[in-house]
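Only one structure is covered here, and it is reproduced in the block below.
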Amino acid sequence: MTADDIRGVDFHCHLDLYPDFPANIQECERASIATLAVTTTPKAYQRNEALTRSTVHVRAALGLHPQLVAQRADELGLFEKLLPCTRYVGEVGLDAGRQHYGSFNQQTEVFTAILQLCAQAGGKILSVHSIRSAGQVLNLVEKHLPLERGRVVLHWFSGSASELRRAVELGCYFSVNTAMLSTPPGQSTVAAIPLDKLLTETDGPFVQIAGKVARPGDTVSLASTLAEKLGHDPEDLRSQLILNLQRLLAVS
Ligand code: MN
């Protein structure tokens with residue numbers, strides 16, 4: 001991933017869950033959208049890694065999604081084996097929503113192990129899910145992944161205002177999407193994020209924009225919408241997002 005000449009930033013997209021995965025990668029390359037292709041299992045990461053070995057704008061992240069931990073916790077060994085291949089990790093985290101609460105203890109064990117492995121390795125950048133569990137996610141990050149050992153980007157953050165302040169104190173970044181802008185709590189969250197910690201994402205294909213599945217290129221108009229909602233000049237905000245990405249990627 002490079003920050004030079006980029007038009008948009010999609011820091012959380014499931015490129016491999018679209019029907020046309022390789023074409024999608026090429027679309028991001030052509031349109032110069034810096035895209036983090038997150039994955040849901042270490043097994044799925046392997047094809048992502050192969051397809052992004054020589055891409056300029058697309059990077060693959062090694063993930064173990066909290067919603068899949070109940071079935072896929074046994075892939076933690078593969079996660080550990082693949083971790084040296086990438087500096088990007090995600091989608092990982094916790095999900096205490098009704099459907100996934102049953103595996104919460106197991107999710108906590110897996111996420112703790114992932115944070116510890118990342119801290120040992122150093123220099124990793126993580127895209128983190130925290131549905132109904134922002135406090136617990138932050139407790140684990142604070143305990144296991146100090147700032148000098150890695151960076152956390154909270155994806156689609158839906159915690160409270162005080163949890164958001166705590167995340168900022170812990171040095172977290174936030175990737176925001178179009179769906180967040182469609183609800184009043186989401187809008188308040190977006191408005192409270194410090195400008196220097198803001199990134200954009202689609203979370204495609206799980207988010208729709210005007211009835212169509214979101215694609216990485218949609219982050220260009222998302223940046224303009226954000227500028228309007230936050231009262232900034234669109235070009236200034238675009239530069240800020242790119243600067244934020246550069247700073248994040250400069251983590252060593
Ligand atoms: Mn996701």
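We name chains A, B, ... following the order of the structure tokens; residues begin at 1 in each chain, and ligands are numbered from 1 as shown.
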
Contacts with ligand 1 at most 7 Å, only C-alpha atoms and all ligand atoms counted, listed as an mmCIF file with C-alpha atoms, in the first residue's frame:
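That gives us part27.cif:
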```
data_model
loop_
_atom_site.group_PDB
_atom_site.id
_atom_site.type_symbol
_atom_site.label_atom_id
_atom_site.label_comp_id
_atom_site.auth_asym_id
_atom_site.auth_seq_id
_atom_site.Cartn_x
_atom_site.Cartn_y
_atom_site.Cartn_z
ATOM 1 C CA HIS A 12 -11.574 -2.391 5.456
ATOM 2 C CA CYS A 13 -13.028 -4.262 2.510
ATOM 3 C CA HIS A 14 -13.729 -7.977 2.041
ATOM 4 C CA GLU A 91 -10.536 -8.805 10.528
ATOM 5 C CA ASP A 203 -16.840 -2.896 4.708
#
```

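Omitting Ile131 of chain A and its sequence neighbours fewer than 3 positions away, and counting only C-alpha atoms, the residues within 12 Å are His65, Pro66, Gln67, Val92, Gly93, Leu94, Asp95, Ala96, Gly97, Arg98, Gln99, His100, Tyr101, Phe104, Val128, Ala134, Gly135, Gln136, Val137, Leu154, His155, Trp156, Phe157, Ser158, Gly159 and Ser160 of chain A.
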
Could you take the residues named above and write them with N, CA and C atoms, as a PDB file, in the first residue's frame?
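Result went into selection.pdb, see below:
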```
ATOM      1  N   HIS A  65     -12.046 -13.827  11.932  1.00  0.00           N
ATOM      2  CA  HIS A  65     -13.207 -13.005  12.318  1.00  0.00           C
ATOM      3  C   HIS A  65     -13.869 -13.537  13.591  1.00  0.00           C
ATOM      4  N   PRO A  66     -14.189 -12.627  14.530  1.00  0.00           N
ATOM      5  CA  PRO A  66     -14.802 -13.096  15.789  1.00  0.00           C
ATOM      6  C   PRO A  66     -16.096 -13.878  15.560  1.00  0.00           C
ATOM      7  N   GLN A  67     -16.835 -13.563  14.502  1.00  0.00           N
ATOM      8  CA  GLN A  67     -18.090 -14.277  14.238  1.00  0.00           C
ATOM      9  C   GLN A  67     -17.837 -15.699  13.741  1.00  0.00           C
ATOM     10  N   VAL A  92     -10.101  -9.016  12.877  1.00  0.00           N
ATOM     11  CA  VAL A  92     -10.030  -9.697  14.169  1.00  0.00           C
ATOM     12  C   VAL A  92     -10.804  -8.852  15.184  1.00  0.00           C
ATOM     13  N   GLY A  93     -11.000  -9.383  16.386  1.00  0.00           N
ATOM     14  CA  GLY A  93     -11.686  -8.592  17.406  1.00  0.00           C
ATOM     15  C   GLY A  93     -12.670  -9.419  18.212  1.00  0.00           C
ATOM     16  N   LEU A  94     -13.706  -8.731  18.693  1.00  0.00           N
ATOM     17  CA  LEU A  94     -14.729  -9.373  19.531  1.00  0.00           C
ATOM     18  C   LEU A  94     -16.111  -8.979  19.035  1.00  0.00           C
ATOM     19  N   ASP A  95     -17.086  -9.889  19.249  1.00  0.00           N
ATOM     20  CA  ASP A  95     -18.476  -9.603  18.891  1.00  0.00           C
ATOM     21  C   ASP A  95     -19.373 -10.147  19.985  1.00  0.00           C
ATOM     22  N   ALA A  96     -19.954  -9.226  20.769  1.00  0.00           N
ATOM     23  CA  ALA A  96     -20.841  -9.641  21.858  1.00  0.00           C
ATOM     24  C   ALA A  96     -22.304  -9.438  21.475  1.00  0.00           C
ATOM     25  N   GLY A  97     -22.571  -9.388  20.190  1.00  0.00           N
ATOM     26  CA  GLY A  97     -23.957  -9.307  19.720  1.00  0.00           C
ATOM     27  C   GLY A  97     -24.676 -10.618  20.057  1.00  0.00           C
ATOM     28  N   ARG A  98     -26.001 -10.576  20.032  1.00  0.00           N
ATOM     29  CA  ARG A  98     -26.816 -11.715  20.454  1.00  0.00           C
ATOM     30  C   ARG A  98     -26.419 -13.035  19.764  1.00  0.00           C
ATOM     31  N   GLN A  99     -26.177 -12.958  18.447  1.00  0.00           N
ATOM     32  CA  GLN A  99     -25.883 -14.168  17.678  1.00  0.00           C
ATOM     33  C   GLN A  99     -24.542 -14.809  18.019  1.00  0.00           C
ATOM     34  N   HIS A 100     -23.619 -14.009  18.530  1.00  0.00           N
ATOM     35  CA  HIS A 100     -22.264 -14.529  18.704  1.00  0.00           C
ATOM     36  C   HIS A 100     -21.789 -14.527  20.147  1.00  0.00           C
ATOM     37  N   TYR A 101     -22.695 -14.120  21.052  1.00  0.00           N
ATOM     38  CA  TYR A 101     -22.305 -14.019  22.450  1.00  0.00           C
ATOM     39  C   TYR A 101     -21.890 -15.378  23.017  1.00  0.00           C
ATOM     40  N   PHE A 104     -18.260 -15.917  23.179  1.00  0.00           N
ATOM     41  CA  PHE A 104     -17.488 -14.744  23.611  1.00  0.00           C
ATOM     42  C   PHE A 104     -16.208 -15.104  24.365  1.00  0.00           C
ATOM     43  N   VAL A 128      -9.820  -3.888  13.503  1.00  0.00           N
ATOM     44  CA  VAL A 128     -10.474  -4.557  14.633  1.00  0.00           C
ATOM     45  C   VAL A 128     -11.975  -4.281  14.712  1.00  0.00           C
ATOM     46  N   ALA A 134     -16.708  -2.807  22.830  1.00  0.00           N
ATOM     47  CA  ALA A 134     -15.619  -1.831  22.707  1.00  0.00           C
ATOM     48  C   ALA A 134     -14.763  -1.794  23.972  1.00  0.00           C
ATOM     49  N   GLY A 135     -15.421  -1.799  25.139  1.00  0.00           N
ATOM     50  CA  GLY A 135     -14.674  -1.741  26.406  1.00  0.00           C
ATOM     51  C   GLY A 135     -13.727  -2.920  26.549  1.00  0.00           C
ATOM     52  N   GLN A 136     -14.244  -4.122  26.250  1.00  0.00           N
ATOM     53  CA  GLN A 136     -13.403  -5.326  26.386  1.00  0.00           C
ATOM     54  C   GLN A 136     -12.266  -5.318  25.364  1.00  0.00           C
ATOM     55  N   VAL A 137     -12.577  -4.884  24.142  1.00  0.00           N
ATOM     56  CA  VAL A 137     -11.529  -4.794  23.110  1.00  0.00           C
ATOM     57  C   VAL A 137     -10.420  -3.857  23.591  1.00  0.00           C
ATOM     58  N   LEU A 154      -9.821   0.814  14.625  1.00  0.00           N
ATOM     59  CA  LEU A 154     -11.141   0.319  15.008  1.00  0.00           C
ATOM     60  C   LEU A 154     -12.067   0.524  13.817  1.00  0.00           C
ATOM     61  N   HIS A 155     -12.579  -0.583  13.319  1.00  0.00           N
ATOM     62  CA  HIS A 155     -13.423  -0.554  12.127  1.00  0.00           C
ATOM     63  C   HIS A 155     -14.886  -0.454  12.570  1.00  0.00           C
ATOM     64  N   TRP A 156     -15.659   0.431  11.946  1.00  0.00           N
ATOM     65  CA  TRP A 156     -17.104   0.598  12.237  1.00  0.00           C
ATOM     66  C   TRP A 156     -17.335   0.685  13.756  1.00  0.00           C
ATOM     67  N   PHE A 157     -16.628   1.603  14.392  1.00  0.00           N
ATOM     68  CA  PHE A 157     -16.696   1.718  15.852  1.00  0.00           C
ATOM     69  C   PHE A 157     -18.092   2.154  16.287  1.00  0.00           C
ATOM     70  N   SER A 158     -18.643   1.454  17.299  1.00  0.00           N
ATOM     71  CA  SER A 158     -19.983   1.798  17.772  1.00  0.00           C
ATOM     72  C   SER A 158     -20.017   1.866  19.298  1.00  0.00           C
ATOM     73  N   GLY A 159     -18.857   2.114  19.902  1.00  0.00           N
ATOM     74  CA  GLY A 159     -18.813   2.240  21.356  1.00  0.00           C
ATOM     75  C   GLY A 159     -19.342   3.599  21.812  1.00  0.00           C
ATOM     76  N   SER A 160     -19.322   3.800  23.129  1.00  0.00           N
ATOM     77  CA  SER A 160     -19.823   5.054  23.706  1.00  0.00           C
ATOM     78  C   SER A 160     -18.811   6.182  23.499  1.00  0.00           C
TER      79      SER A 160
END
```

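If you count only C-alpha atoms and ignore residues fewer than 5 places along the chain from Thr189 of chain A, what sits within 12 Å of it is A:Leu154, A:His155, A:Trp156, A:Phe157, A:Ser158, A:Gly159, A:Ser160, A:Ala161, A:Ser162, A:Glu163, A:Leu164, A:Arg165, A:Phe174, A:Ser175, A:Val176, A:Asn177, A:Met180, A:Leu181, A:Ser182, A:Thr183, A:Pro184, A:Pro194, A:Leu198, A:Leu230.
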
In segment 91-193 of chain A, DSSP helix (DSSP H, G or I) residues written as a PyMOL selection string: chain A and resi 101-121+134-144+147-149+161-169+178-182+184-192

Contacts of Arg238 of chain A at 8 Å (only C-alpha atoms; same-chain gap of 6+ positions) as number ranges by chain: A: 8, 223-224

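Taking atom CA of Ala31 of chain A and atom CA of Asp218 of chain A as endpoints, the distance between them is 10.7 Å.
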
Which of segment 11-250 of chain A DSSP labels strand (DSSP E or B), written as a PyMOL selection string: chain A and resi 11-13+33-37+58-60+62+88-95+124-131+150-155+173-176+198-200+208-209+212-213

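Atom CA of Lys124 of chain A is positioned 17.4 Å from atom CA of Asn48 of chain A.
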
Tell me, as a PDB file with C-alpha atoms, in the first residue's frame, which residues lie within 12 Å of Ala119 of chain A, counting only C-alpha atoms; anything in the same chain fewer than 3 positions away does not count.
```pdb
ATOM      1  CA  LEU A  83       1.784 -13.846  10.471  1.00  0.00           C
ATOM      2  CA  ARG A  87       2.183  -6.439   8.433  1.00  0.00           C
ATOM      3  CA  VAL A  89      -3.955  -8.168  10.456  1.00  0.00           C
ATOM      4  CA  THR A 112      -5.823 -12.212  23.235  1.00  0.00           C
ATOM      5  CA  ALA A 113      -3.547 -14.738  21.524  1.00  0.00           C
ATOM      6  CA  ILE A 114      -3.623 -12.674  18.305  1.00  0.00           C
ATOM      7  CA  LEU A 115      -2.710  -9.458  20.149  1.00  0.00           C
ATOM      8  CA  GLN A 116       0.137 -11.240  21.943  1.00  0.00           C
ATOM      9  CA  GLY A 122       6.025  -5.799  16.297  1.00  0.00           C
ATOM     10  CA  GLY A 123       5.025  -3.304  13.581  1.00  0.00           C
ATOM     11  CA  LYS A 124       1.632  -4.866  12.752  1.00  0.00           C
ATOM     12  CA  ILE A 125      -1.430  -2.812  11.826  1.00  0.00           C
ATOM     13  CA  LEU A 126      -4.750  -4.367  12.908  1.00  0.00           C
ATOM     14  CA  LEU A 140      -7.219  -6.306  25.783  1.00  0.00           C
ATOM     15  CA  VAL A 141      -5.446  -3.841  23.491  1.00  0.00           C
ATOM     16  CA  GLU A 142      -4.215  -1.851  26.492  1.00  0.00           C
ATOM     17  CA  LYS A 143      -2.959  -5.004  28.187  1.00  0.00           C
ATOM     18  CA  HIS A 144      -1.414  -6.855  25.242  1.00  0.00           C
ATOM     19  CA  LEU A 145      -0.553  -4.471  22.407  1.00  0.00           C
ATOM     20  CA  PRO A 146       1.227  -1.348  23.658  1.00  0.00           C
ATOM     21  CA  LEU A 147       1.641   1.487  21.144  1.00  0.00           C
ATOM     22  CA  GLU A 148       5.312   0.771  20.561  1.00  0.00           C
ATOM     23  CA  ARG A 149       4.419  -2.776  19.414  1.00  0.00           C
ATOM     24  CA  GLY A 150       1.656  -2.066  16.864  1.00  0.00           C
ATOM     25  CA  ARG A 151      -1.383  -0.026  15.808  1.00  0.00           C
ATOM     26  CA  VAL A 152      -5.100  -0.685  16.033  1.00  0.00           C
ATOM     27  CA  SER A 252       7.601   0.430  12.620  1.00  0.00           C
TER      28      SER A 252
END
```

Nearest-residue call for Val38 of chain A, choices A:Arg53, A:Arg72, A:Arg59, A:Lys212, using only C-alpha atoms: A:Arg59

Gap from atom CA of Phe79 of chain A to atom CA of Pro42 of chain A - Å, one decimal: 5.3 Å

Near-His57 of chain A list (12 Å; only C-alpha atoms; drop same-chain fewer than 2 positions) as an NGL selection string: :A and (1-11 or 24-37 or 52-55 or 59-60 or 216)

Please write the residues from the selection above to a file, keeping N, CA, C and O atoms, as a short mmCIF file (atom, residue, chain, number, x, y, z; two decimals), in the first residue's frame.
```cif
data_model
loop_
_atom_site.label_atom_id
_atom_site.label_comp_id
_atom_site.auth_asym_id
_atom_site.auth_seq_id
_atom_site.Cartn_x
_atom_site.Cartn_y
_atom_site.Cartn_z
N MET A 1 0.86 -1.20 0.00
CA MET A 1 0.00 0.00 0.00
C MET A 1 0.88 1.24 0.00
O MET A 1 1.84 1.32 0.75
N THR A 2 0.58 2.15 -0.87
CA THR A 2 1.37 3.36 -0.93
C THR A 2 0.44 4.57 -0.84
O THR A 2 -0.70 4.50 -1.25
N ALA A 3 0.93 5.63 -0.28
CA ALA A 3 0.08 6.80 -0.12
C ALA A 3 0.28 7.82 -1.25
O ALA A 3 -0.40 8.83 -1.30
N ASP A 4 1.20 7.54 -2.16
CA ASP A 4 1.44 8.48 -3.26
C ASP A 4 0.35 8.34 -4.31
O ASP A 4 0.00 7.24 -4.70
N ASP A 5 -0.14 9.47 -4.77
CA ASP A 5 -1.11 9.48 -5.87
C ASP A 5 -2.39 8.71 -5.62
O ASP A 5 -3.02 8.24 -6.56
N ILE A 6 -2.76 8.51 -4.36
CA ILE A 6 -3.99 7.74 -4.18
C ILE A 6 -5.21 8.65 -4.20
O ILE A 6 -5.16 9.80 -3.80
N ARG A 7 -6.32 8.11 -4.70
CA ARG A 7 -7.55 8.89 -4.81
C ARG A 7 -8.48 8.64 -3.63
O ARG A 7 -9.31 9.49 -3.30
N GLY A 8 -8.40 7.48 -3.07
CA GLY A 8 -9.29 7.14 -1.96
C GLY A 8 -8.66 6.09 -1.08
O GLY A 8 -7.68 5.45 -1.47
N VAL A 9 -9.22 5.94 0.12
CA VAL A 9 -8.71 4.97 1.10
C VAL A 9 -9.87 4.07 1.54
O VAL A 9 -10.87 4.55 2.07
N ASP A 10 -9.71 2.76 1.28
CA ASP A 10 -10.69 1.80 1.80
C ASP A 10 -9.94 0.86 2.73
O ASP A 10 -9.37 -0.14 2.30
N PHE A 11 -9.94 1.21 4.01
CA PHE A 11 -9.10 0.47 4.94
C PHE A 11 -9.77 -0.78 5.53
O PHE A 11 -9.21 -1.43 6.41
N ASN A 24 -11.76 -7.18 -9.03
CA ASN A 24 -11.89 -6.15 -8.01
C ASN A 24 -10.54 -5.57 -7.60
O ASN A 24 -10.40 -4.37 -7.37
N ILE A 25 -9.56 -6.46 -7.48
CA ILE A 25 -8.21 -6.00 -7.14
C ILE A 25 -7.71 -5.08 -8.24
O ILE A 25 -7.19 -3.98 -7.96
N GLN A 26 -7.90 -5.48 -9.49
CA GLN A 26 -7.44 -4.67 -10.61
C GLN A 26 -8.16 -3.32 -10.64
O GLN A 26 -7.57 -2.29 -10.98
N GLU A 27 -9.45 -3.33 -10.27
CA GLU A 27 -10.22 -2.08 -10.24
C GLU A 27 -9.61 -1.11 -9.21
O GLU A 27 -9.48 0.09 -9.48
N CYS A 28 -9.21 -1.62 -8.06
CA CYS A 28 -8.58 -0.77 -7.03
C CYS A 28 -7.24 -0.24 -7.53
O CYS A 28 -6.89 0.92 -7.29
N GLU A 29 -6.51 -1.08 -8.23
CA GLU A 29 -5.21 -0.67 -8.77
C GLU A 29 -5.40 0.45 -9.79
O GLU A 29 -4.73 1.47 -9.74
N ARG A 30 -6.32 0.22 -10.74
CA ARG A 30 -6.57 1.20 -11.81
C ARG A 30 -7.05 2.52 -11.25
O ARG A 30 -6.64 3.59 -11.69
N ALA A 31 -7.95 2.45 -10.27
CA ALA A 31 -8.56 3.67 -9.73
C ALA A 31 -7.71 4.30 -8.62
O ALA A 31 -8.09 5.34 -8.07
N SER A 32 -6.58 3.69 -8.29
CA SER A 32 -5.70 4.18 -7.23
C SER A 32 -6.42 4.37 -5.90
O SER A 32 -6.38 5.43 -5.27
N ILE A 33 -7.10 3.30 -5.49
CA ILE A 33 -7.74 3.30 -4.17
C ILE A 33 -6.88 2.42 -3.25
O ILE A 33 -6.75 1.21 -3.49
N ALA A 34 -6.29 3.03 -2.23
CA ALA A 34 -5.50 2.26 -1.26
C ALA A 34 -6.46 1.38 -0.49
O ALA A 34 -7.32 1.88 0.24
N THR A 35 -6.36 0.07 -0.67
CA THR A 35 -7.37 -0.84 -0.13
C THR A 35 -6.75 -1.91 0.75
O THR A 35 -5.79 -2.57 0.35
N LEU A 36 -7.31 -2.06 1.94
CA LEU A 36 -6.91 -3.16 2.79
C LEU A 36 -7.93 -4.28 2.60
O LEU A 36 -9.09 -4.14 2.99
N ALA A 37 -7.47 -5.37 1.98
CA ALA A 37 -8.33 -6.54 1.76
C ALA A 37 -8.28 -7.38 3.03
O ALA A 37 -7.33 -8.13 3.25
N THR A 52 -2.11 -10.51 -4.18
CA THR A 52 -1.71 -9.12 -3.90
C THR A 52 -0.19 -8.98 -3.75
O THR A 52 0.30 -7.97 -3.26
N ARG A 53 0.52 -10.01 -4.19
CA ARG A 53 1.98 -9.99 -4.03
C ARG A 53 2.64 -8.82 -4.76
O ARG A 53 3.63 -8.28 -4.31
N SER A 54 2.09 -8.45 -5.93
CA SER A 54 2.75 -7.38 -6.69
C SER A 54 1.85 -6.17 -6.91
O SER A 54 2.09 -5.37 -7.80
N THR A 55 0.79 -6.06 -6.12
CA THR A 55 -0.09 -4.90 -6.30
C THR A 55 0.50 -3.66 -5.61
O THR A 55 1.25 -3.78 -4.64
N ARG A 59 -3.43 -4.30 -0.29
CA ARG A 59 -2.69 -5.15 0.63
C ARG A 59 -3.67 -6.12 1.30
O ARG A 59 -4.81 -5.75 1.58
N ALA A 60 -3.19 -7.33 1.56
CA ALA A 60 -4.05 -8.33 2.18
C ALA A 60 -3.75 -8.42 3.68
O ALA A 60 -2.58 -8.38 4.09
N PRO A 216 -14.79 -0.33 -3.28
CA PRO A 216 -13.73 0.55 -2.77
C PRO A 216 -13.74 1.96 -3.36
O PRO A 216 -13.48 2.94 -2.65
#
```
